[in-house]
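Visitor: My structure is in data31.tsv, and what it holds is TSV, C-alpha atoms:
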```
chain	number	residue	atom	x	y	z
A	937	MET	CA	0.00	0.00	0.00
A	938	GLN	CA	1.20	3.51	-0.84
A	939	TYR	CA	0.63	6.44	1.52
A	940	ARG	CA	0.27	10.12	0.75
A	941	THR	CA	-0.15	13.27	2.81
A	942	LEU	CA	-3.76	14.47	2.91
A	943	GLY	CA	-3.43	17.98	1.49
A	944	ARG	CA	-1.46	20.11	3.92
A	945	THR	CA	-2.82	18.43	7.06
A	946	GLY	CA	0.22	16.24	7.69
A	947	VAL	CA	-2.08	13.20	8.02
A	948	GLN	CA	-0.81	10.13	6.15
A	949	VAL	CA	-3.51	8.25	4.28
A	950	SER	CA	-3.56	5.15	2.08
A	951	SER	CA	-3.79	5.58	-1.69
A	952	LEU	CA	-6.86	3.33	-1.63
A	953	ALA	CA	-9.61	4.29	0.84
A	954	LEU	CA	-12.61	2.22	1.84
A	955	GLY	CA	-15.97	3.72	0.87
A	956	ALA	CA	-18.89	2.34	2.86
A	957	MET	CA	-21.83	3.37	0.66
A	958	ASN	CA	-22.65	-0.28	-0.06
A	959	PHE	CA	-22.88	-1.24	3.60
A	960	GLY	CA	-26.49	-2.07	4.38
A	961	ARG	CA	-29.55	-1.78	2.20
A	962	ILE	CA	-27.87	-0.08	-0.79
A	963	GLY	CA	-25.45	-2.94	-1.42
A	964	ARG	CA	-27.39	-5.59	0.51
A	965	THR	CA	-24.30	-6.06	2.69
A	966	THR	CA	-24.87	-7.53	6.16
A	967	GLN	CA	-23.09	-6.46	9.33
A	968	ASP	CA	-20.91	-9.59	9.28
A	969	GLU	CA	-19.95	-8.91	5.67
A	970	ALA	CA	-19.22	-5.25	6.39
A	971	THR	CA	-17.03	-6.19	9.35
A	972	ALA	CA	-15.16	-8.74	7.23
A	973	ILE	CA	-14.57	-6.08	4.55
A	974	VAL	CA	-13.26	-3.62	7.13
A	975	ASP	CA	-11.03	-6.32	8.66
A	976	ALA	CA	-9.52	-7.24	5.29
A	977	ALA	CA	-9.06	-3.61	4.25
A	978	LEU	CA	-7.25	-2.66	7.46
A	979	GLU	CA	-5.07	-5.77	7.23
A	980	ALA	CA	-4.06	-4.71	3.71
A	981	GLY	CA	-3.00	-1.27	4.94
A	982	VAL	CA	-6.08	0.81	4.16
A	983	ASN	CA	-6.41	3.42	6.90
A	984	VAL	CA	-9.27	5.62	5.61
A	985	ILE	CA	-12.96	4.72	5.90
A	986	ASP	CA	-15.48	7.08	4.31
A	987	THR	CA	-19.23	6.99	4.82
A	988	ALA	CA	-22.16	9.45	4.92
A	989	ASP	CA	-25.30	10.07	6.94
A	990	MET	CA	-27.63	9.39	4.02
A	991	TYR	CA	-26.12	6.03	3.00
A	992	GLY	CA	-28.98	3.73	3.90
A	993	ALA	CA	-30.51	6.54	5.99
A	994	GLY	CA	-27.78	6.14	8.60
A	995	GLU	CA	-27.41	2.38	8.32
A	996	SER	CA	-23.91	2.58	6.80
A	997	GLU	CA	-22.64	4.73	9.67
A	998	GLU	CA	-24.07	2.29	12.20
A	999	MET	CA	-22.39	-0.66	10.49
A	1000	VAL	CA	-19.07	1.15	10.21
A	1001	GLY	CA	-19.27	2.03	13.90
A	1002	LYS	CA	-19.74	-1.61	14.89
A	1003	ALA	CA	-16.98	-2.76	12.51
A	1004	ILE	CA	-14.36	-0.36	13.89
A	1005	ALA	CA	-15.21	-0.75	17.59
A	1006	GLY	CA	-12.03	-1.09	19.62
A	1007	ARG	CA	-9.70	0.21	16.92
A	1008	ARG	CA	-10.92	3.75	16.31
A	1009	ASP	CA	-7.48	5.31	16.75
A	1010	ASP	CA	-6.01	3.33	13.84
A	1011	ILE	CA	-8.48	4.80	11.33
A	1012	VAL	CA	-8.91	8.13	9.57
A	1013	LEU	CA	-12.70	8.23	9.83
A	1014	ALA	CA	-14.66	10.39	7.39
A	1015	THR	CA	-18.36	11.03	6.97
A	1016	LYS	CA	-20.56	13.50	5.12
A	1017	ALA	CA	-23.77	15.49	5.56
A	1018	GLY	CA	-25.96	17.76	3.47
A	1019	LEU	CA	-28.08	15.53	1.24
A	1020	PRO	CA	-31.70	14.98	2.33
A	1021	MET	CA	-32.37	12.80	5.38
A	1022	GLY	CA	-36.09	12.38	4.89
A	1023	ASP	CA	-38.87	14.67	3.70
A	1024	GLU	CA	-38.56	17.39	6.33
A	1025	ARG	CA	-37.37	20.49	4.48
A	1026	ASN	CA	-34.75	21.46	7.07
A	1027	HIS	CA	-33.23	17.98	7.35
A	1028	ARG	CA	-30.72	18.73	4.60
A	1029	GLY	CA	-28.30	21.38	3.44
A	1030	SER	CA	-25.39	23.04	5.24
A	1031	SER	CA	-27.03	25.46	7.67
A	1032	ARG	CA	-25.81	25.73	11.26
A	1033	ARG	CA	-29.14	24.38	12.45
A	1034	TRP	CA	-28.84	21.18	10.46
A	1035	LEU	CA	-25.10	20.47	10.64
A	1036	VAL	CA	-24.96	20.71	14.44
A	1037	THR	CA	-27.93	18.37	14.73
A	1038	GLU	CA	-26.76	15.90	12.11
A	1039	LEU	CA	-23.16	15.67	13.29
A	1040	GLU	CA	-24.44	14.62	16.71
A	1041	ALA	CA	-26.56	11.96	15.01
A	1042	SER	CA	-23.59	10.73	12.97
A	1043	LEU	CA	-21.36	10.53	16.05
A	1044	ARG	CA	-24.07	8.54	17.83
A	1045	ARG	CA	-24.48	6.13	14.91
A	1046	LEU	CA	-20.71	5.70	14.53
A	1047	GLY	CA	-20.24	5.25	18.27
A	1048	VAL	CA	-17.38	7.79	18.44
A	1049	ASP	CA	-16.79	11.20	19.99
A	1050	HIS	CA	-15.27	12.77	16.88
A	1051	VAL	CA	-14.66	12.22	13.18
A	1052	ASP	CA	-11.40	13.02	11.45
A	1053	LEU	CA	-12.97	14.46	8.32
A	1054	TYR	CA	-16.46	15.95	8.04
A	1055	GLN	CA	-17.51	16.70	4.47
A	1056	ILE	CA	-20.33	18.75	2.97
A	1057	HIS	CA	-21.88	16.23	0.59
A	1058	ARG	CA	-22.95	18.76	-2.04
A	1059	TRP	CA	-22.76	22.52	-2.39
A	1060	ASP	CA	-25.89	24.09	-0.90
A	1061	PRO	CA	-26.89	27.17	-2.94
A	1062	ASN	CA	-29.32	28.25	-0.21
A	1063	THR	CA	-26.66	28.67	2.47
A	1064	SER	CA	-23.81	31.18	2.51
A	1065	ASP	CA	-20.20	30.06	2.74
A	1066	GLU	CA	-19.81	32.15	5.90
A	1067	GLU	CA	-22.70	30.31	7.60
A	1068	THR	CA	-21.33	26.86	6.75
A	1069	LEU	CA	-17.67	27.61	7.45
A	1070	SER	CA	-18.60	29.26	10.73
A	1071	VAL	CA	-20.40	26.22	12.11
A	1072	LEU	CA	-17.71	23.84	10.82
A	1073	THR	CA	-15.04	25.97	12.49
A	1074	ASP	CA	-16.99	25.89	15.77
A	1075	LEU	CA	-17.40	22.10	15.57
A	1076	GLN	CA	-13.68	21.78	14.89
A	1077	ARG	CA	-12.81	23.96	17.91
A	1078	ALA	CA	-15.18	21.88	20.03
A	1079	GLY	CA	-13.14	18.79	19.13
A	1080	LYS	CA	-15.99	17.00	17.35
A	1081	ILE	CA	-14.28	17.11	13.96
A	1082	ARG	CA	-10.57	17.34	13.22
A	1083	TYR	CA	-10.82	18.64	9.64
A	1084	PHE	CA	-13.56	19.41	7.17
A	1085	GLY	CA	-13.91	19.22	3.41
A	1086	SER	CA	-16.26	19.51	0.45
A	1087	SER	CA	-17.64	16.85	-1.87
A	1088	THR	CA	-18.47	17.27	-5.55
A	1089	PHE	CA	-18.24	21.06	-5.44
A	1090	PRO	CA	-17.89	22.95	-8.74
A	1091	ALA	CA	-14.45	24.53	-9.10
A	1092	HIS	CA	-15.73	28.08	-8.68
A	1093	ARG	CA	-17.41	27.15	-5.39
A	1094	ILE	CA	-14.17	25.64	-4.09
A	1095	VAL	CA	-12.42	28.92	-4.85
A	1096	GLN	CA	-15.21	31.01	-3.33
A	1097	ALA	CA	-15.14	28.98	-0.11
A	1098	GLN	CA	-11.38	29.44	0.19
A	1099	TRP	CA	-11.79	33.21	-0.17
A	1100	ALA	CA	-14.70	33.27	2.29
A	1101	ALA	CA	-12.61	31.46	4.91
A	1102	ARG	CA	-9.84	34.01	4.48
A	1103	GLU	CA	-12.19	36.99	4.51
A	1104	HIS	CA	-14.04	35.93	7.66
A	1105	ARG	CA	-10.99	34.40	9.39
A	1106	LEU	CA	-12.52	30.95	9.58
A	1107	SER	CA	-11.05	27.49	9.10
A	1108	ARG	CA	-11.10	26.30	5.50
A	1109	TYR	CA	-11.98	23.19	3.58
A	1110	VAL	CA	-8.86	21.04	3.39
A	1111	THR	CA	-10.20	18.30	1.09
A	1112	GLU	CA	-12.47	17.80	-1.89
A	1113	GLN	CA	-14.19	14.56	-2.90
A	1114	PRO	CA	-15.03	14.58	-6.64
A	1115	SER	CA	-16.05	11.86	-9.07
A	1116	TYR	CA	-13.13	10.80	-11.27
A	1117	SER	CA	-12.37	7.88	-13.58
A	1118	ILE	CA	-10.91	7.15	-16.99
A	1119	LEU	CA	-14.40	7.61	-18.45
A	1120	GLN	CA	-15.18	10.83	-16.53
A	1121	ARG	CA	-12.11	13.08	-16.74
A	1122	GLY	CA	-13.77	16.50	-16.64
A	1123	ILE	CA	-12.30	17.45	-13.26
A	1124	GLU	CA	-8.84	17.50	-14.87
A	1125	SER	CA	-9.77	20.74	-16.63
A	1126	HIS	CA	-11.27	22.65	-13.70
A	1127	VAL	CA	-11.45	21.01	-10.26
A	1128	LEU	CA	-7.98	19.45	-9.98
A	1129	PRO	CA	-6.11	22.61	-11.00
A	1130	VAL	CA	-7.98	24.46	-8.25
A	1131	THR	CA	-7.41	21.83	-5.56
A	1132	GLN	CA	-3.72	21.74	-6.44
A	1133	GLU	CA	-3.51	25.54	-6.28
A	1134	TYR	CA	-5.03	25.58	-2.77
A	1135	GLY	CA	-3.28	22.45	-1.50
A	1136	LEU	CA	-6.42	20.41	-0.91
A	1137	GLY	CA	-6.35	16.67	-0.42
A	1138	VAL	CA	-8.49	14.88	-3.01
A	1139	LEU	CA	-10.40	11.65	-2.33
A	1140	VAL	CA	-11.98	10.57	-5.61
A	1141	TRP	CA	-15.15	8.52	-5.76
A	1142	SER	CA	-16.41	6.16	-8.47
A	1143	PRO	CA	-12.95	5.41	-9.91
A	1144	LEU	CA	-14.48	2.30	-11.53
A	1145	ALA	CA	-17.19	4.44	-13.15
A	1146	SER	CA	-20.11	2.71	-11.37
A	1147	GLY	CA	-18.84	-0.67	-12.55
A	1148	TRP	CA	-18.11	0.18	-16.18
A	1149	LEU	CA	-14.41	-0.40	-15.45
A	1150	SER	CA	-14.85	-3.46	-13.21
A	1151	GLY	CA	-14.40	-5.94	-16.06
A	1152	ALA	CA	-18.02	-7.06	-15.79
A	1153	VAL	CA	-19.28	-4.77	-18.57
A	1154	ARG	CA	-18.07	-5.95	-21.97
A	1155	GLU	CA	-19.31	-6.06	-25.54
A	1156	GLY	CA	-21.60	-9.01	-26.27
A	1157	ARG	CA	-22.39	-9.74	-22.63
A	1158	ASP	CA	-25.56	-9.09	-20.69
A	1159	ILE	CA	-24.98	-6.35	-18.13
A	1160	THR	CA	-26.00	-7.81	-14.79
A	1161	THR	CA	-24.05	-5.71	-12.29
A	1162	HIS	CA	-25.62	-4.57	-9.03
A	1163	ARG	CA	-25.44	-0.94	-10.10
A	1164	SER	CA	-27.09	-1.62	-13.49
A	1165	ALA	CA	-30.11	-3.05	-11.66
A	1166	ILE	CA	-30.42	0.15	-9.61
A	1167	LEU	CA	-29.70	2.61	-12.45
A	1168	PRO	CA	-30.65	0.81	-15.69
A	1169	ASP	CA	-30.60	3.99	-17.81
A	1170	ARG	CA	-26.90	4.41	-17.14
A	1171	PHE	CA	-26.21	1.02	-18.71
A	1172	ASP	CA	-28.68	1.05	-21.60
A	1173	THR	CA	-26.40	0.47	-24.58
A	1174	THR	CA	-28.91	2.01	-26.99
A	1175	VAL	CA	-28.01	5.38	-25.43
A	1176	PRO	CA	-25.19	7.06	-27.44
A	1177	ALA	CA	-23.17	8.01	-24.33
A	1178	ASN	CA	-23.30	4.42	-23.12
A	1179	ARG	CA	-22.26	3.13	-26.53
A	1180	ALA	CA	-19.27	5.46	-26.34
A	1181	ARG	CA	-18.40	4.16	-22.89
A	1182	LEU	CA	-18.66	0.55	-24.01
A	1183	ALA	CA	-16.42	1.21	-27.01
A	1184	ALA	CA	-13.86	2.87	-24.73
A	1185	VAL	CA	-14.00	-0.04	-22.26
A	1186	GLU	CA	-13.23	-2.53	-25.04
A	1187	ARG	CA	-10.14	-0.54	-26.09
A	1188	LEU	CA	-9.06	-0.05	-22.48
A	1189	ALA	CA	-9.35	-3.80	-21.85
A	1190	GLY	CA	-6.86	-4.30	-24.66
A	1191	VAL	CA	-4.45	-1.82	-23.08
A	1192	ALA	CA	-4.78	-3.61	-19.73
A	1193	ASP	CA	-4.16	-7.02	-21.30
A	1194	GLU	CA	-1.05	-5.78	-23.10
A	1195	ALA	CA	0.28	-4.32	-19.84
A	1196	GLY	CA	-0.44	-7.53	-17.91
A	1197	LEU	CA	-3.04	-5.85	-15.73
A	1198	THR	CA	-6.70	-6.31	-14.92
A	1199	LEU	CA	-9.08	-3.58	-15.99
A	1200	ILE	CA	-9.56	-2.72	-12.31
A	1201	GLN	CA	-5.81	-2.28	-11.84
A	1202	LEU	CA	-5.70	-0.07	-14.92
A	1203	ALA	CA	-8.61	2.06	-13.69
A	1204	LEU	CA	-7.36	2.52	-10.14
A	1205	GLY	CA	-3.76	2.95	-11.23
A	1206	PHE	CA	-4.89	5.71	-13.57
A	1207	VAL	CA	-6.67	7.87	-10.98
A	1208	THR	CA	-3.98	7.46	-8.32
A	1209	ALA	CA	-1.31	8.43	-10.86
A	1210	HIS	CA	-2.58	12.00	-11.07
A	1211	PRO	CA	-0.45	14.26	-8.83
A	1212	GLY	CA	-3.58	16.07	-7.66
A	1213	VAL	CA	-5.23	12.89	-6.32
A	1214	THR	CA	-4.54	11.68	-2.78
A	1215	SER	CA	-6.67	8.55	-2.57
A	1216	ALA	CA	-9.19	6.58	-4.60
A	1217	LEU	CA	-12.34	5.45	-2.78
A	1218	ILE	CA	-13.27	1.84	-3.46
A	1219	GLY	CA	-16.75	0.63	-2.50
A	1220	PRO	CA	-16.82	-3.19	-2.45
A	1221	ARG	CA	-19.98	-5.11	-1.62
A	1222	THR	CA	-18.13	-8.33	-0.79
A	1223	VAL	CA	-14.70	-9.38	0.46
A	1224	ASP	CA	-14.00	-10.90	-2.98
A	1225	HIS	CA	-14.72	-7.53	-4.61
A	1226	LEU	CA	-12.37	-5.90	-2.11
A	1227	HIS	CA	-9.49	-8.23	-2.92
A	1228	THR	CA	-9.79	-7.63	-6.67
A	1229	GLN	CA	-9.55	-3.90	-5.98
A	1230	LEU	CA	-6.74	-4.16	-3.41
A	1231	ALA	CA	-4.68	-5.84	-6.14
A	1232	ALA	CA	-4.23	-2.33	-7.53
A	1233	ALA	CA	-2.71	-0.94	-4.32
A	1234	ASP	CA	0.82	-0.93	-5.71
A	1235	THR	CA	-0.01	-0.53	-9.40
A	1236	VAL	CA	2.14	2.07	-11.13
A	1237	LEU	CA	1.27	2.71	-14.77
A	1238	SER	CA	4.05	3.43	-17.23
A	1239	ALA	CA	4.09	6.55	-19.39
A	1240	ASP	CA	3.26	4.39	-22.43
A	1241	VAL	CA	0.14	3.00	-20.74
A	1242	LEU	CA	-0.99	6.46	-19.61
A	1243	ASP	CA	-0.44	7.77	-23.16
A	1244	ALA	CA	-2.55	4.90	-24.53
A	1245	ILE	CA	-5.37	5.81	-22.14
A	1246	ASP	CA	-5.18	9.44	-23.29
A	1247	GLU	CA	-5.64	8.24	-26.87
A	1248	ILE	CA	-8.86	6.47	-25.93
A	1249	VAL	CA	-10.37	9.13	-23.65
A	1250	ALA	CA	-8.86	12.56	-24.10
A	1251	PRO	CA	-7.74	14.47	-20.99
A	1252	GLY	CA	-10.52	16.58	-19.47
A	1253	THR	CA	-13.27	14.66	-21.28
A	1254	ASP	CA	-16.45	13.28	-19.72
A	1255	LEU	CA	-17.98	10.51	-21.81
A	1256	ALA	CA	-21.26	10.91	-19.89
A	1257	PRO	CA	-21.46	14.64	-19.09
A	1258	HIS	CA	-25.16	14.35	-18.25
A	1259	GLU	CA	-24.21	12.31	-15.17
A	1260	LYS	CA	-22.05	15.03	-13.65
A	1261	ASN	CA	-22.92	15.96	-10.08
A	1262	ASP	CA	-21.33	19.41	-10.01
A	1263	THR	CA	-23.24	20.98	-12.88
A	1264	PRO	CA	-24.23	24.61	-12.11
A	1265	PRO	CA	-27.97	24.71	-11.26
A	1266	ALA	CA	-28.70	27.18	-14.07
A	1267	LEU	CA	-27.71	24.56	-16.66
A	1268	LEU	CA	-30.34	22.19	-15.32
A	1269	ASP	CA	-33.18	24.61	-14.53
A	1270	PRO	CA	-34.15	26.97	-17.40
A	1271	SER	CA	-35.86	29.40	-15.00
A	1272	LEU	CA	-32.47	30.19	-13.46
A	1273	ARG	CA	-31.04	31.46	-16.73
A	1274	ARG	CA	-33.97	33.56	-17.92
A	1275	ARG	CA	-35.20	36.91	-16.66
```
Take the structure in the file and write it out as structure tokens.
Guide:
Amino acid sequence: MQYRTLGRTGVQVSSLALGAMNFGRIGRTTQDEATAIVDAALEAGVNVIDTADMYGAGESEEMVGKAIAGRRDDIVLATKAGLPMGDERNHRGSSRRWLVTELEASLRRLGVDHVDLYQIHRWDPNTSDEETLSVLTDLQRAGKIRYFGSSTFPAHRIVQAQWAAREHRLSRYVTEQPSYSILQRGIESHVLPVTQEYGLGVLVWSPLASGWLSGAVREGRDITTHRSAILPDRFDTTVPANRARLAAVERLAGVADEAGLTLIQLALGFVTAHPGVTSALIGPRTVDHLHTQLAAADTVLSADVLDAIDEIVAPGTDLAPHEKNDTPPALLDPSLRRR
């Protein structure tokens, strides 16, 4: 396992981090299975576990808490808040009212007195940066969080938050958690230059592109992955964007074979090769899935292999731009771009 410094915090973290989104109802993973995954990950040298309040409506945090009981100090524990937790209109977002309440709930579910990294799950356009940074700074000073970060923020919001922290003399976001894979490279043109400029640690999610780069999605085969059952439109090969992804996967599989690698090793080795990336979040549903992904822990891609990937998917290109999670609201809602 390789280790990198998380931004400018001085904290050493593994290049592969364990994402717990699949723990519980989302991935149909039982407590025993989740504990076995955590055990195997820690044994392999993974020292970061990332979850969120809304994963299984708190179920993931509860399962992580039980799995790490008795070894909390060995783990860099991260969670997130901000996405809806039910229908109540104020049980979401990044207001002081909600974050104070929800952090307490997360700590209770995790069975800990603090988290190492508390992340705002999505930018909240209804709440000012000063409001959010102020409460996060207070929670940090109270010892309930060690650091805080953003997740899937547009580049301009990352910059604005850094300036707001400076202007109001508040603590700043020290990490960003964006989506990044060979098939979704858009952050190379905007987010990663910004995070590098401000010295943020970067924990990328979906490095296997929701299973497209797992080796299970290939031309001529029925697509029967867990994710395709949940989000069938994203795997419908009659959709032009999905046809483009499938064509790219076939070419990438050839590059992996020639390099003596699995497609998973190629995919994870690619994202962790970028100097702006600290760790790649892997989200296994089973111990077997975990082991196939841990095989990439020490993968280092040669310049020739990285050049071959660039020929297939150009730098800064998203093959499925409609699936981006950091699109400015005005591009999605016509009323926001018309007087």
Visitor: With distances taken over all atoms listed in the file, which of A:Ala1165, A:Ala1152, A:Ile1094, A:Val1241 is nearest to Glu1194 in chain A?
Guide: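 Smallest separation from Glu1194 in chain A among the options: A:Val1241.
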Visitor: With distances taken over only C-alpha atoms, which of A:Val949, A:Ala1017, A:Met957, A:Leu1268 is nearest to Met999 in chain A?
Guide: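 Using only C-alpha atoms, Met999 in chain A sits closest to A:Met957.
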Visitor: Restricting the calculation to all atoms listed in the file: of A:Trp1059, A:Ala956, A:Ser1030, A:Asp1193, which residue gets closest to His1092 in chain A?
Guide: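 Looking at the shortest contact to His1092 in chain A, the residue is A:Trp1059.
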Visitor: Could you give me, as JSON lines, a per-residue list for range 1071-1154 of chain A showing, wherever an atom lies at most 12 Å from an atom of range 1034-1054 of chain A, the closest pair of atoms and their distance in Å to one decimal, using all atoms listed in the file and sorting by chain then residue number from low to high?
Guide:
```
{"residue": "A:Val1071", "atom": "CA", "partner": "A:Val1036", "partner_atom": "CA", "distance": 7.5}
{"residue": "A:Leu1072", "atom": "CA", "partner": "A:Leu1035", "partner_atom": "CA", "distance": 8.1}
{"residue": "A:Thr1073", "atom": "CA", "partner": "A:Tyr1054", "partner_atom": "CA", "distance": 11.1}
{"residue": "A:Asp1074", "atom": "CA", "partner": "A:Val1036", "partner_atom": "CA", "distance": 9.6}
{"residue": "A:Leu1075", "atom": "CA", "partner": "A:Val1036", "partner_atom": "CA", "distance": 7.8}
{"residue": "A:Gln1076", "atom": "CA", "partner": "A:His1050", "partner_atom": "CA", "distance": 9.4}
{"residue": "A:Arg1077", "atom": "CA", "partner": "A:His1050", "partner_atom": "CA", "distance": 11.5}
{"residue": "A:Ala1078", "atom": "CA", "partner": "A:His1050", "partner_atom": "CA", "distance": 9.6}
{"residue": "A:Gly1079", "atom": "CA", "partner": "A:His1050", "partner_atom": "CA", "distance": 6.8}
{"residue": "A:Lys1080", "atom": "CA", "partner": "A:His1050", "partner_atom": "CA", "distance": 4.3}
{"residue": "A:Ile1081", "atom": "CA", "partner": "A:Val1051", "partner_atom": "CA", "distance": 5.0}
{"residue": "A:Arg1082", "atom": "CA", "partner": "A:Asp1052", "partner_atom": "CA", "distance": 4.7}
{"residue": "A:Tyr1083", "atom": "CA", "partner": "A:Leu1053", "partner_atom": "CA", "distance": 4.9}
{"residue": "A:Phe1084", "atom": "CA", "partner": "A:Tyr1054", "partner_atom": "CA", "distance": 4.6}
{"residue": "A:Gly1085", "atom": "CA", "partner": "A:Tyr1054", "partner_atom": "CA", "distance": 6.2}
{"residue": "A:Ser1086", "atom": "CA", "partner": "A:Tyr1054", "partner_atom": "CA", "distance": 8.4}
{"residue": "A:Ser1087", "atom": "CA", "partner": "A:Tyr1054", "partner_atom": "CA", "distance": 10.0}
{"residue": "A:Arg1108", "atom": "CA", "partner": "A:Tyr1054", "partner_atom": "CA", "distance": 11.9}
{"residue": "A:Tyr1109", "atom": "CA", "partner": "A:Tyr1054", "partner_atom": "CA", "distance": 9.6}
{"residue": "A:Val1110", "atom": "CA", "partner": "A:Leu1053", "partner_atom": "CA", "distance": 9.2}
{"residue": "A:Thr1111", "atom": "CA", "partner": "A:Leu1053", "partner_atom": "CA", "distance": 8.6}
{"residue": "A:Glu1112", "atom": "CA", "partner": "A:Leu1053", "partner_atom": "CA", "distance": 10.8}
{"residue": "A:Gln1113", "atom": "CA", "partner": "A:Tyr1054", "partner_atom": "CA", "distance": 11.3}
{"residue": "A:Gly1137", "atom": "CA", "partner": "A:Leu1053", "partner_atom": "CA", "distance": 11.2}
{"residue": "A:Leu1139", "atom": "CA", "partner": "A:Leu1053", "partner_atom": "CA", "distance": 11.3}
```
Visitor: Figure out the distance between CA of Asn1178 in chain A and CA of Leu1119 in chain A, please, to one decimal in Å.
Guide: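 That distance, rounded to one decimal, is 10.5 Å.
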Visitor: Counting only C-alpha atoms, which of A:Ser1117, A:Asn1261, A:Ser1164, A:Thr1222 gets nearest to Ala1203 in chain A?
Guide: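 Closest candidate: A:Ser1117.
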Visitor: Atoms are missing here; could range 1240-1259 of chain A be completed with N, CA and C atoms and written as a PDB file, keeping the file's coordinate frame?
Guide:
```pdb
ATOM      1  N   ASP A1240       3.864   4.931 -21.211  1.00  0.00           N
ATOM      2  CA  ASP A1240       3.260   4.390 -22.430  1.00  0.00           C
ATOM      3  C   ASP A1240       1.802   4.006 -22.204  1.00  0.00           C
ATOM      4  N   VAL A1241       1.517   3.406 -21.047  1.00  0.00           N
ATOM      5  CA  VAL A1241       0.140   3.000 -20.740  1.00  0.00           C
ATOM      6  C   VAL A1241      -0.731   4.240 -20.542  1.00  0.00           C
ATOM      7  N   LEU A1242      -0.227   5.233 -19.821  1.00  0.00           N
ATOM      8  CA  LEU A1242      -0.990   6.460 -19.610  1.00  0.00           C
ATOM      9  C   LEU A1242      -1.238   7.185 -20.935  1.00  0.00           C
ATOM     10  N   ASP A1243      -0.253   7.160 -21.832  1.00  0.00           N
ATOM     11  CA  ASP A1243      -0.440   7.770 -23.160  1.00  0.00           C
ATOM     12  C   ASP A1243      -1.522   7.030 -23.941  1.00  0.00           C
ATOM     13  N   ALA A1244      -1.536   5.693 -23.822  1.00  0.00           N
ATOM     14  CA  ALA A1244      -2.550   4.900 -24.530  1.00  0.00           C
ATOM     15  C   ALA A1244      -3.953   5.214 -24.005  1.00  0.00           C
ATOM     16  N   ILE A1245      -4.072   5.429 -22.710  1.00  0.00           N
ATOM     17  CA  ILE A1245      -5.370   5.810 -22.140  1.00  0.00           C
ATOM     18  C   ILE A1245      -5.804   7.165 -22.681  1.00  0.00           C
ATOM     19  N   ASP A1246      -4.862   8.107 -22.757  1.00  0.00           N
ATOM     20  CA  ASP A1246      -5.180   9.440 -23.290  1.00  0.00           C
ATOM     21  C   ASP A1246      -5.669   9.366 -24.733  1.00  0.00           C
ATOM     22  N   GLU A1247      -5.196   8.401 -25.488  1.00  0.00           N
ATOM     23  CA  GLU A1247      -5.640   8.240 -26.870  1.00  0.00           C
ATOM     24  C   GLU A1247      -7.087   7.756 -26.950  1.00  0.00           C
ATOM     25  N   ILE A1248      -7.501   7.029 -25.940  1.00  0.00           N
ATOM     26  CA  ILE A1248      -8.860   6.470 -25.930  1.00  0.00           C
ATOM     27  C   ILE A1248      -9.870   7.460 -25.378  1.00  0.00           C
ATOM     28  N   VAL A1249      -9.521   8.079 -24.251  1.00  0.00           N
ATOM     29  CA  VAL A1249     -10.370   9.130 -23.650  1.00  0.00           C
ATOM     30  C   VAL A1249      -9.479  10.335 -23.423  1.00  0.00           C
ATOM     31  N   ALA A1250      -9.726  11.389 -24.151  1.00  0.00           N
ATOM     32  CA  ALA A1250      -8.860  12.560 -24.100  1.00  0.00           C
ATOM     33  C   ALA A1250      -8.895  13.211 -22.716  1.00  0.00           C
ATOM     34  N   PRO A1251      -7.776  13.775 -22.278  1.00  0.00           N
ATOM     35  CA  PRO A1251      -7.740  14.470 -20.990  1.00  0.00           C
ATOM     36  C   PRO A1251      -8.845  15.525 -20.885  1.00  0.00           C
ATOM     37  N   GLY A1252      -9.481  15.588 -19.711  1.00  0.00           N
ATOM     38  CA  GLY A1252     -10.520  16.580 -19.470  1.00  0.00           C
ATOM     39  C   GLY A1252     -11.869  16.263 -20.066  1.00  0.00           C
ATOM     40  N   THR A1253     -12.027  15.038 -20.597  1.00  0.00           N
ATOM     41  CA  THR A1253     -13.270  14.660 -21.280  1.00  0.00           C
ATOM     42  C   THR A1253     -14.164  13.799 -20.402  1.00  0.00           C
ATOM     43  N   ASP A1254     -15.445  14.120 -20.370  1.00  0.00           N
ATOM     44  CA  ASP A1254     -16.450  13.280 -19.720  1.00  0.00           C
ATOM     45  C   ASP A1254     -17.244  12.563 -20.812  1.00  0.00           C
ATOM     46  N   LEU A1255     -17.215  11.244 -20.804  1.00  0.00           N
ATOM     47  CA  LEU A1255     -17.980  10.510 -21.810  1.00  0.00           C
ATOM     48  C   LEU A1255     -19.483  10.525 -21.507  1.00  0.00           C
ATOM     49  N   ALA A1256     -19.833  10.809 -20.262  1.00  0.00           N
ATOM     50  CA  ALA A1256     -21.260  10.910 -19.890  1.00  0.00           C
ATOM     51  C   ALA A1256     -21.455  12.216 -19.120  1.00  0.00           C
ATOM     52  N   PRO A1257     -21.363  13.352 -19.799  1.00  0.00           N
ATOM     53  CA  PRO A1257     -21.460  14.640 -19.090  1.00  0.00           C
ATOM     54  C   PRO A1257     -22.792  14.851 -18.401  1.00  0.00           C
ATOM     55  N   HIS A1258     -23.846  14.187 -18.874  1.00  0.00           N
ATOM     56  CA  HIS A1258     -25.160  14.350 -18.250  1.00  0.00           C
ATOM     57  C   HIS A1258     -25.224  13.731 -16.847  1.00  0.00           C
ATOM     58  N   GLU A1259     -24.226  12.930 -16.490  1.00  0.00           N
ATOM     59  CA  GLU A1259     -24.210  12.310 -15.170  1.00  0.00           C
ATOM     60  C   GLU A1259     -23.370  13.093 -14.167  1.00  0.00           C
TER      61      GLU A1259
END
```
